[in-house]
Amino acid sequence: MIALVDVNNFYVSCQRVFEPHLVGKPVVVLSNNDGCIISRSAEAKALGIPMAAPWHQLSQFARAHGVIAYSSNYALYADMSQRVMQVLARFSPQQEVYSIDECFLGLHGVLSDHTELGLLLKQTVWRWTGLPICVGIAPTKTLAKLANHIAKQRPEFAGVCEWEKLPVQQRQQFMATMDVGEVWGIGRKLSVRLKQDGIHTVADLAASPAEQLRQRYGVVLQRIVAELNGCACLELEEVTPDKQQILCSRSFGQPIFSEQQLAEAISTYLARAAEKLRQQNSLAGAVGIFIRTNPFRPNEPQYRQQMVLPLTQPSNDTLKLTRIALRMLARLYRSGFAYAKAGVMLTQLQPKTAIQGHLFLQTADPIKRAELNATLDAINRRWGRGAIGLACAGNKKPAWAMNQQHLSPYWTTRWPDIPVALAK
DNA sequence: TCTGGGGTCCTAGGACCC
DNA sequence: TCTGGGGTCCTAGGACCC
């Protein structure tokens with residue numbers, strides 16, 4: 001048996017923990033650059049504010065209705081997420097952290113009544129972190145997701161839905177009234193295609209013949225249907241596998257024009273990506289960059305280009321990777337464009353132990369270089385991100401820095417921001 | 001003026017091998 | 001007039017997730 005636990009309106013709820021006067025009011029959290037709406041309180045949803053809507057199109061409406069907006073504060077959310085995950089881990093030996101606000105818990109061998117356990121989880125997380133959660137319990141991940149959805153939608157469940165405890169008739173009825181697009185793994189495109197084939201509800205999907213589905217839609221959908229019918233195809237992944245690629249990209253707070261500024265951005269992103277790479281003890285076999293103008297302004301000249309370069313020898317060295325990235329930028333850069341976004345990709349990742357020597361290649365003393373990178377990481381860990389870096393990444397807040405006009409205090413991760421009542 | 005960021009998996013098709 | 005069969009590996013693109 002599997003439980004899927006997730007935090008309701010996670011980012012909004014995090015803001016509310018430290019500003020309780022927000023409870024009961026329409027609140028939204030915006031993406032980087034204050035671009036789109038990525039989290040909404042129930043009150044904001046009730047106003048009809050759609051997910052992923054561009055904020056600048058809605059800010060007038062929002063002002064009129066007293067909607068309160070926050071810039072996203074990922075340091076805060078990541079910290080709160082860790083706290084929730086730690087609380088939940090106490091209740092099961094098997095935990096898969098699926099995303100910043102969700103995890104699966106294996107309930108195999110957990111003796112207590114599952115619904116009661118769910119209620120206990122809810123109560124404990126609430127008391128210890130101030131965050132509201134919902135719990136779905138079922139024999140497969142896909143059904144646990146479905147049960148969680150029901151727990152959220154229907155107040156009579158009080159936030160906990162155990163699928164197998166529902167009478168068969170009620171399960172049938174839920175599935176018959178739920179849109180096929182609600183199923184985990186079925187997105188916009190697939191649900192349109194399914195509906196064209198006469199599959200409208202979850203019940204329709206669950207009753208479809210497996211072999212036919214596989215032929216027409218592929219193995220992914222076939223597995224989903226098996227899961228809906230109680231046959232587990234997706235394992236609980238307790239060990240987080242190493243990332244296969246690392247990407248770091250940002251839209252700029254304002255358009256930039258010069259190669260110099262793009263180089264600063266690329267160097268900054270690369271330093272971040274390489275740090276993540278070293279954190280998981282991997283080497284990159286290839287490095288890539290991309291730059292692009294703003295596609296939302298079709299009347300302005302558009303340019304987008306990317307390039308990936310395989311390395312003769314896999315590396316996690318910020319200096320070496322930066323040099324390569326900037327050489328690529330020199331090849332891609334064209335003057336006369338208003339650049340809106342750039343990014344860096346590290347791919348073909350492999351464990352550090354698997355390094356293959358190169359017969360003819362002489363590089364900088366690899367041990368010294370490794371020590372230098374470790375020192376960079378240690379200083380940035382101790383003194384905060386960006387405390388030390390390469391000169392080509394710039395040394396002051398750049399003109400293209402992210403827009404964050406509605407940023408809240410950091411509350412839990414910065415000394416001056418810690419609420420006084422808590423600090424005492 | 002202002003439109004996010006970071007991932008995974010699967011499939012089809014091409015290159016190449018014997 | 002006629003042009004095999006079976007396999008692997010890699011890449012690009014599309015779909016999905018939060």
# chains A, B, ... in the order shown; residues from 1 in each chain; ligands from 1
>>> residues_around(residues="region 98-103 of chain A", least_positions_apart="6", cutoff="6 Å", atoms="only C-alpha atoms (C1' of nucleotides)", output="NGL selection string")
:A and (4-7 or 81)
>>> interface_residues(of="chain C", to="chain A", cutoff="9 Å", atoms="only C-alpha atoms (C1' of nucleotides)", output="number ranges by chain")
C: 15-18
>>> write_last_selection(atoms="N, CA, C and O atoms (P, O5', C5', C4', C3', O3' and C1' of nucleotides)", output="PDB file, in the first residue's frame")
ATOM      1  P    DA C  15       3.205  15.995 -28.861  1.00  0.00           P
ATOM      2  O5'  DA C  15       3.013  15.598 -27.334  1.00  0.00           O
ATOM      3  C5'  DA C  15       2.636  14.273 -27.010  1.00  0.00           C
ATOM      4  C4'  DA C  15       3.152  13.918 -25.654  1.00  0.00           C
ATOM      5  C3'  DA C  15       2.682  14.821 -24.520  1.00  0.00           C
ATOM      6  O3'  DA C  15       1.412  14.387 -24.018  1.00  0.00           O
ATOM      7  C1'  DA C  15       4.950  14.074 -24.256  1.00  0.00           C
ATOM      8  P    DC C  16       0.649  15.241 -22.940  1.00  0.00           P
ATOM      9  O5'  DC C  16       1.452  14.960 -21.596  1.00  0.00           O
ATOM     10  C5'  DC C  16       1.467  13.651 -21.055  1.00  0.00           C
ATOM     11  C4'  DC C  16       2.481  13.588 -19.954  1.00  0.00           C
ATOM     12  C3'  DC C  16       2.282  14.627 -18.859  1.00  0.00           C
ATOM     13  O3'  DC C  16       1.351  14.175 -17.910  1.00  0.00           O
ATOM     14  C1'  DC C  16       4.602  14.347 -19.401  1.00  0.00           C
ATOM     15  P    DC C  17       0.821  15.166 -16.788  1.00  0.00           P
ATOM     16  O5'  DC C  17       2.052  15.314 -15.800  1.00  0.00           O
ATOM     17  C5'  DC C  17       2.519  14.168 -15.094  1.00  0.00           C
ATOM     18  C4'  DC C  17       3.635  14.605 -14.195  1.00  0.00           C
ATOM     19  C3'  DC C  17       3.287  15.844 -13.387  1.00  0.00           C
ATOM     20  O3'  DC C  17       2.740  15.456 -12.151  1.00  0.00           O
ATOM     21  C1'  DC C  17       5.463  16.043 -14.348  1.00  0.00           C
ATOM     22  P    DC C  18       1.946  16.492 -11.285  1.00  0.00           P
ATOM     23  O5'  DC C  18       3.039  17.409 -10.611  1.00  0.00           O
ATOM     24  C5'  DC C  18       3.994  16.820  -9.737  1.00  0.00           C
ATOM     25  C4'  DC C  18       4.975  17.893  -9.364  1.00  0.00           C
ATOM     26  C3'  DC C  18       4.283  19.120  -8.766  1.00  0.00           C
ATOM     27  O3'  DC C  18       4.783  19.392  -7.488  1.00  0.00           O
ATOM     28  C1'  DC C  18       5.781  19.748 -10.521  1.00  0.00           C
TER      29       DC C  18
END
>>> residues_around(residues="Arg171 (chain A)", least_positions_apart="2", cutoff="12 Å", atoms="only C-alpha atoms (C1' of nucleotides)", output="list of chain:residue names")
A:Ala138, A:Leu143, A:Leu146, A:Ala147, A:Ile150, A:Cys161, A:Glu162, A:Trp163, A:Glu164, A:Lys165, A:Leu166, A:Pro167, A:Val168, A:Gln169, A:Gln173, A:Phe174, A:Met175, A:Ala176, A:Thr177, A:Met178, A:Val202, A:Ala203, A:Ala206, A:Leu228, A:Asn229
>>> write_last_selection(atoms="C-alpha atoms", output="CSV table (one decimal), in the first residue's frame")
chain,number,residue,atom,x,y,z
A,138,ALA,CA,-4.0,3.1,-2.5
A,143,LEU,CA,-4.4,5.3,-7.6
A,146,LEU,CA,-6.3,9.8,-7.6
A,147,ALA,CA,-7.3,9.2,-4.0
A,150,ILE,CA,-10.5,13.1,-4.1
A,161,CYS,CA,-8.8,9.3,1.3
A,162,GLU,CA,-8.1,5.5,1.4
A,163,TRP,CA,-9.2,4.1,-1.9
A,164,GLU,CA,-9.7,0.5,-0.9
A,165,LYS,CA,-12.0,1.5,2.0
A,166,LEU,CA,-14.5,3.1,-0.4
A,167,PRO,CA,-17.4,0.9,-1.4
A,168,VAL,CA,-16.9,-0.5,-4.9
A,169,GLN,CA,-19.9,1.4,-6.1
A,173,GLN,CA,-18.9,6.5,-9.4
A,174,PHE,CA,-15.8,8.6,-8.7
A,175,MET,CA,-14.1,7.2,-11.7
A,176,ALA,CA,-17.1,7.7,-13.9
A,177,THR,CA,-17.3,11.4,-13.0
A,178,MET,CA,-13.6,12.2,-13.1
A,202,VAL,CA,-11.2,7.7,-15.7
A,203,ALA,CA,-13.7,4.8,-15.8
A,206,ALA,CA,-9.7,1.9,-16.9
A,228,LEU,CA,-5.6,2.3,-12.4
A,229,ASN,CA,-6.7,-1.3,-12.2
>>> atom_distance(atom1="CA of Arg193 (chain A)", atom2="CA of Gln153 (chain A)")
25.8 Å
>>> residues_around(residues="Pro351 (chain A)", least_positions_apart="6", cutoff="9 Å", atoms="only C-alpha atoms (C1' of nucleotides)", output="ChimeraX atom specification")
/A:242,280-284
>>> write_last_selection(atoms="N, CA, C and O atoms", output="CSV table (one decimal), in the first residue's frame")
chain,number,residue,atom,x,y,z
A,242,ASP,N,21.1,9.8,-9.4
A,242,ASP,CA,21.8,11.0,-9.9
A,242,ASP,C,21.1,11.6,-11.1
A,242,ASP,O,20.5,10.9,-11.9
A,280,GLN,N,26.7,16.1,-6.7
A,280,GLN,CA,26.3,14.7,-6.9
A,280,GLN,C,27.5,13.9,-7.4
A,280,GLN,O,27.3,12.8,-7.8
A,281,ASN,N,28.7,14.4,-7.3
A,281,ASN,CA,29.9,13.7,-7.6
A,281,ASN,C,30.0,13.1,-9.0
A,281,ASN,O,30.3,12.0,-9.2
A,282,SER,N,29.6,14.0,-9.9
A,282,SER,CA,29.5,13.6,-11.3
A,282,SER,C,30.5,14.4,-12.2
A,282,SER,O,31.0,15.5,-11.7
A,283,LEU,N,30.7,13.9,-13.4
A,283,LEU,CA,31.4,14.7,-14.4
A,283,LEU,C,30.5,14.9,-15.6
A,283,LEU,O,29.7,14.0,-15.9
A,284,ALA,N,30.7,16.0,-16.3
A,284,ALA,CA,29.9,16.2,-17.5
A,284,ALA,C,30.7,15.8,-18.7
A,284,ALA,O,31.9,16.1,-18.8
>>> select_by_dssp(residues="region 54-285 of chain A", states="helix (DSSP H, G or I)", output="PyMOL selection string")
chain A and resi 55-64+74-89+114-129+141-153+155-157+163-165+168-177+180-182+188-196+202-206+210-217+219-228+259-279
>>> residues_around(residues="DA12 (chain B)", least_positions_apart="4", cutoff="12 Å", atoms="only C-alpha atoms (C1' of nucleotides)", output="PDB file with C-alpha atoms (C1' of nucleotides), in the first residue's frame")
ATOM      1  C1'  DT C  11      19.861  11.892 -31.413  1.00  0.00           C
ATOM      2  C1'  DA C  12      15.937  14.865 -31.884  1.00  0.00           C
ATOM      3  C1'  DG C  13      11.549  15.705 -30.703  1.00  0.00           C
ATOM      4  C1'  DG C  14       7.415  15.116 -28.190  1.00  0.00           C
TER       5       DG C  14
END
>>> residues_around(residues="DC2 (chain B)", least_positions_apart="4", cutoff="8 Å", atoms="only C-alpha atoms (C1' of nucleotides)", output="list in words")
Gly35, Trp55 and His56 of chain A
>>> residues_around(residues="region 319-334 of chain A", least_positions_apart="4", cutoff="10 Å", atoms="only C-alpha atoms (C1' of nucleotides)", output="PyMOL selection string")
chain A and resi 257-260+262-264+266-271+274+284+286-292+303-309+311+314-315+339+344-346+363-364+369+372-373+389-390+392-393
>>> select_by_dssp(residues="region 80-267 of chain A", states="strand (DSSP E or B)", output="JSON, numbers by chain")
{"A": [94, 95, 96, 97, 98, 99, 102, 103, 104, 105, 106, 133, 134, 135, 136, 137, 138, 160, 161, 162, 179, 201, 246, 247, 248, 249, 250, 251, 252, 253, 254, 255, 256]}
>>> decode(residues="chain C", atoms="N, CA, C and O atoms (P, O5', C5', C4', C3', O3' and C1' of nucleotides)", output="mmCIF file, in the first residue's frame")
data_model
loop_
_atom_site.group_PDB
_atom_site.id
_atom_site.type_symbol
_atom_site.label_atom_id
_atom_site.label_comp_id
_atom_site.auth_asym_id
_atom_site.auth_seq_id
_atom_site.Cartn_x
_atom_site.Cartn_y
_atom_site.Cartn_z
ATOM 1 P P DT C 1 13.299 -3.815 -67.342
ATOM 2 O "O5'" DT C 1 13.577 -4.863 -66.189
ATOM 3 C "C5'" DT C 1 12.687 -5.963 -66.051
ATOM 4 C "C4'" DT C 1 13.127 -6.744 -64.855
ATOM 5 C "C3'" DT C 1 13.266 -5.910 -63.569
ATOM 6 O "O3'" DT C 1 12.642 -6.613 -62.517
ATOM 7 C "C1'" DT C 1 15.262 -7.101 -63.974
ATOM 8 P P DC C 2 12.376 -5.880 -61.174
ATOM 9 O "O5'" DC C 2 13.491 -6.473 -60.238
ATOM 10 C "C5'" DC C 2 13.579 -7.882 -60.040
ATOM 11 C "C4'" DC C 2 14.894 -8.196 -59.387
ATOM 12 C "C3'" DC C 2 15.289 -7.206 -58.294
ATOM 13 O "O3'" DC C 2 14.838 -7.720 -57.046
ATOM 14 C "C1'" DC C 2 17.148 -7.664 -59.749
ATOM 15 P P DT C 3 14.421 -6.592 -55.957
ATOM 16 O "O5'" DT C 3 15.796 -6.418 -55.199
ATOM 17 C "C5'" DT C 3 16.593 -7.537 -54.891
ATOM 18 C "C4'" DT C 3 17.690 -7.084 -53.970
ATOM 19 C "C3'" DT C 3 17.213 -6.154 -52.863
ATOM 20 O "O3'" DT C 3 17.868 -6.511 -51.654
ATOM 21 C "C1'" DT C 3 18.886 -5.072 -54.119
ATOM 22 P P DG C 4 17.060 -6.378 -50.384
ATOM 23 O "O5'" DG C 4 17.630 -7.640 -49.607
ATOM 24 C "C5'" DG C 4 17.334 -8.966 -50.028
ATOM 25 C "C4'" DG C 4 17.248 -9.836 -48.795
ATOM 26 C "C3'" DG C 4 16.256 -9.301 -47.750
ATOM 27 O "O3'" DG C 4 15.638 -10.414 -47.142
ATOM 28 C "C1'" DG C 4 18.451 -9.251 -46.857
ATOM 29 P P DG C 5 14.524 -10.230 -46.079
ATOM 30 O "O5'" DG C 5 15.376 -10.324 -44.746
ATOM 31 C "C5'" DG C 5 16.209 -11.477 -44.543
ATOM 32 C "C4'" DG C 5 16.791 -11.401 -43.159
ATOM 33 C "C3'" DG C 5 15.860 -10.773 -42.110
ATOM 34 O "O3'" DG C 5 15.965 -11.573 -40.942
ATOM 35 C "C1'" DG C 5 17.913 -9.625 -42.126
ATOM 36 P P DG C 6 14.986 -11.363 -39.764
ATOM 37 O "O5'" DG C 6 15.997 -10.801 -38.687
ATOM 38 C "C5'" DG C 6 17.177 -11.558 -38.364
ATOM 39 C "C4'" DG C 6 18.079 -10.685 -37.565
ATOM 40 C "C3'" DG C 6 17.357 -9.872 -36.475
ATOM 41 O "O3'" DG C 6 17.892 -10.205 -35.211
ATOM 42 C "C1'" DG C 6 18.895 -8.542 -37.662
ATOM 43 P P DG C 7 17.110 -9.768 -33.905
ATOM 44 O "O5'" DG C 7 18.034 -8.583 -33.360
ATOM 45 C "C5'" DG C 7 19.351 -8.910 -32.945
ATOM 46 C "C4'" DG C 7 20.253 -7.721 -33.117
ATOM 47 C "C3'" DG C 7 19.918 -6.499 -32.288
ATOM 48 O "O3'" DG C 7 20.416 -6.663 -30.972
ATOM 49 C "C1'" DG C 7 20.892 -5.967 -34.416
ATOM 50 P P DT C 8 20.112 -5.543 -29.876
ATOM 51 O "O5'" DT C 8 21.253 -4.463 -30.136
ATOM 52 C "C5'" DT C 8 22.624 -4.863 -30.164
ATOM 53 C "C4'" DT C 8 23.466 -3.624 -30.362
ATOM 54 C "C3'" DT C 8 23.138 -2.525 -29.347
ATOM 55 O "O3'" DT C 8 24.324 -2.044 -28.760
ATOM 56 C "C1'" DT C 8 22.916 -1.683 -31.557
ATOM 57 P P DC C 9 24.249 -1.088 -27.505
ATOM 58 O "O5'" DC C 9 24.484 0.328 -28.162
ATOM 59 C "C5'" DC C 9 25.581 0.517 -29.064
ATOM 60 C "C4'" DC C 9 25.467 1.898 -29.675
ATOM 61 C "C3'" DC C 9 25.045 2.968 -28.661
ATOM 62 O "O3'" DC C 9 25.951 4.046 -28.755
ATOM 63 C "C1'" DC C 9 23.633 3.037 -30.575
ATOM 64 P P DC C 10 25.924 5.205 -27.674
ATOM 65 O "O5'" DC C 10 25.308 6.386 -28.537
ATOM 66 C "C5'" DC C 10 25.893 6.702 -29.800
ATOM 67 C "C4'" DC C 10 24.979 7.686 -30.500
ATOM 68 C "C3'" DC C 10 24.476 8.800 -29.584
ATOM 69 O "O3'" DC C 10 24.915 10.047 -30.097
ATOM 70 C "C1'" DC C 10 22.676 7.804 -30.817
ATOM 71 P P DT C 11 24.546 11.362 -29.313
ATOM 72 O "O5'" DT C 11 23.307 11.897 -30.141
ATOM 73 C "C5'" DT C 11 23.323 11.788 -31.560
ATOM 74 C "C4'" DT C 11 22.045 12.394 -32.095
ATOM 75 C "C3'" DT C 11 21.539 13.563 -31.260
ATOM 76 O "O3'" DT C 11 21.179 14.626 -32.121
ATOM 77 C "C1'" DT C 11 19.861 11.892 -31.413
ATOM 78 P P DA C 12 20.748 16.010 -31.536
ATOM 79 O "O5'" DA C 12 19.280 16.174 -32.114
ATOM 80 C "C5'" DA C 12 18.934 15.531 -33.355
ATOM 81 C "C4'" DA C 12 17.444 15.598 -33.536
ATOM 82 C "C3'" DA C 12 16.796 16.835 -32.900
ATOM 83 O "O3'" DA C 12 15.775 17.288 -33.766
ATOM 84 C "C1'" DA C 12 15.937 14.865 -31.884
ATOM 85 P P DG C 13 14.908 18.549 -33.346
ATOM 86 O "O5'" DG C 13 13.536 17.893 -32.891
ATOM 87 C "C5'" DG C 13 12.988 16.823 -33.668
ATOM 88 C "C4'" DG C 13 11.785 16.288 -32.955
ATOM 89 C "C3'" DG C 13 10.948 17.368 -32.253
ATOM 90 O "O3'" DG C 13 9.584 17.080 -32.511
ATOM 91 C "C1'" DG C 13 11.549 15.705 -30.703
ATOM 92 P P DG C 14 8.457 18.145 -32.110
ATOM 93 O "O5'" DG C 14 7.468 17.273 -31.228
ATOM 94 C "C5'" DG C 14 7.222 15.909 -31.596
ATOM 95 C "C4'" DG C 14 6.688 15.184 -30.397
ATOM 96 C "C3'" DG C 14 5.715 16.014 -29.556
ATOM 97 O "O3'" DG C 14 4.568 15.240 -29.279
ATOM 98 C "C1'" DG C 14 7.415 15.116 -28.190
ATOM 99 P P DA C 15 3.205 15.995 -28.861
ATOM 100 O "O5'" DA C 15 3.013 15.598 -27.334
ATOM 101 C "C5'" DA C 15 2.636 14.273 -27.010
ATOM 102 C "C4'" DA C 15 3.152 13.918 -25.654
ATOM 103 C "C3'" DA C 15 2.682 14.821 -24.520
ATOM 104 O "O3'" DA C 15 1.412 14.387 -24.018
ATOM 105 C "C1'" DA C 15 4.950 14.074 -24.256
ATOM 106 P P DC C 16 0.649 15.241 -22.940
ATOM 107 O "O5'" DC C 16 1.452 14.960 -21.596
ATOM 108 C "C5'" DC C 16 1.467 13.651 -21.055
ATOM 109 C "C4'" DC C 16 2.481 13.588 -19.954
ATOM 110 C "C3'" DC C 16 2.282 14.627 -18.859
ATOM 111 O "O3'" DC C 16 1.351 14.175 -17.910
ATOM 112 C "C1'" DC C 16 4.602 14.347 -19.401
ATOM 113 P P DC C 17 0.821 15.166 -16.788
ATOM 114 O "O5'" DC C 17 2.052 15.314 -15.800
ATOM 115 C "C5'" DC C 17 2.519 14.168 -15.094
ATOM 116 C "C4'" DC C 17 3.635 14.605 -14.195
ATOM 117 C "C3'" DC C 17 3.287 15.844 -13.387
ATOM 118 O "O3'" DC C 17 2.740 15.456 -12.151
ATOM 119 C "C1'" DC C 17 5.463 16.043 -14.348
ATOM 120 P P DC C 18 1.946 16.492 -11.285
ATOM 121 O "O5'" DC C 18 3.039 17.409 -10.611
ATOM 122 C "C5'" DC C 18 3.994 16.820 -9.737
ATOM 123 C "C4'" DC C 18 4.975 17.893 -9.364
ATOM 124 C "C3'" DC C 18 4.283 19.120 -8.766
ATOM 125 O "O3'" DC C 18 4.783 19.392 -7.488
ATOM 126 C "C1'" DC C 18 5.781 19.748 -10.521
#
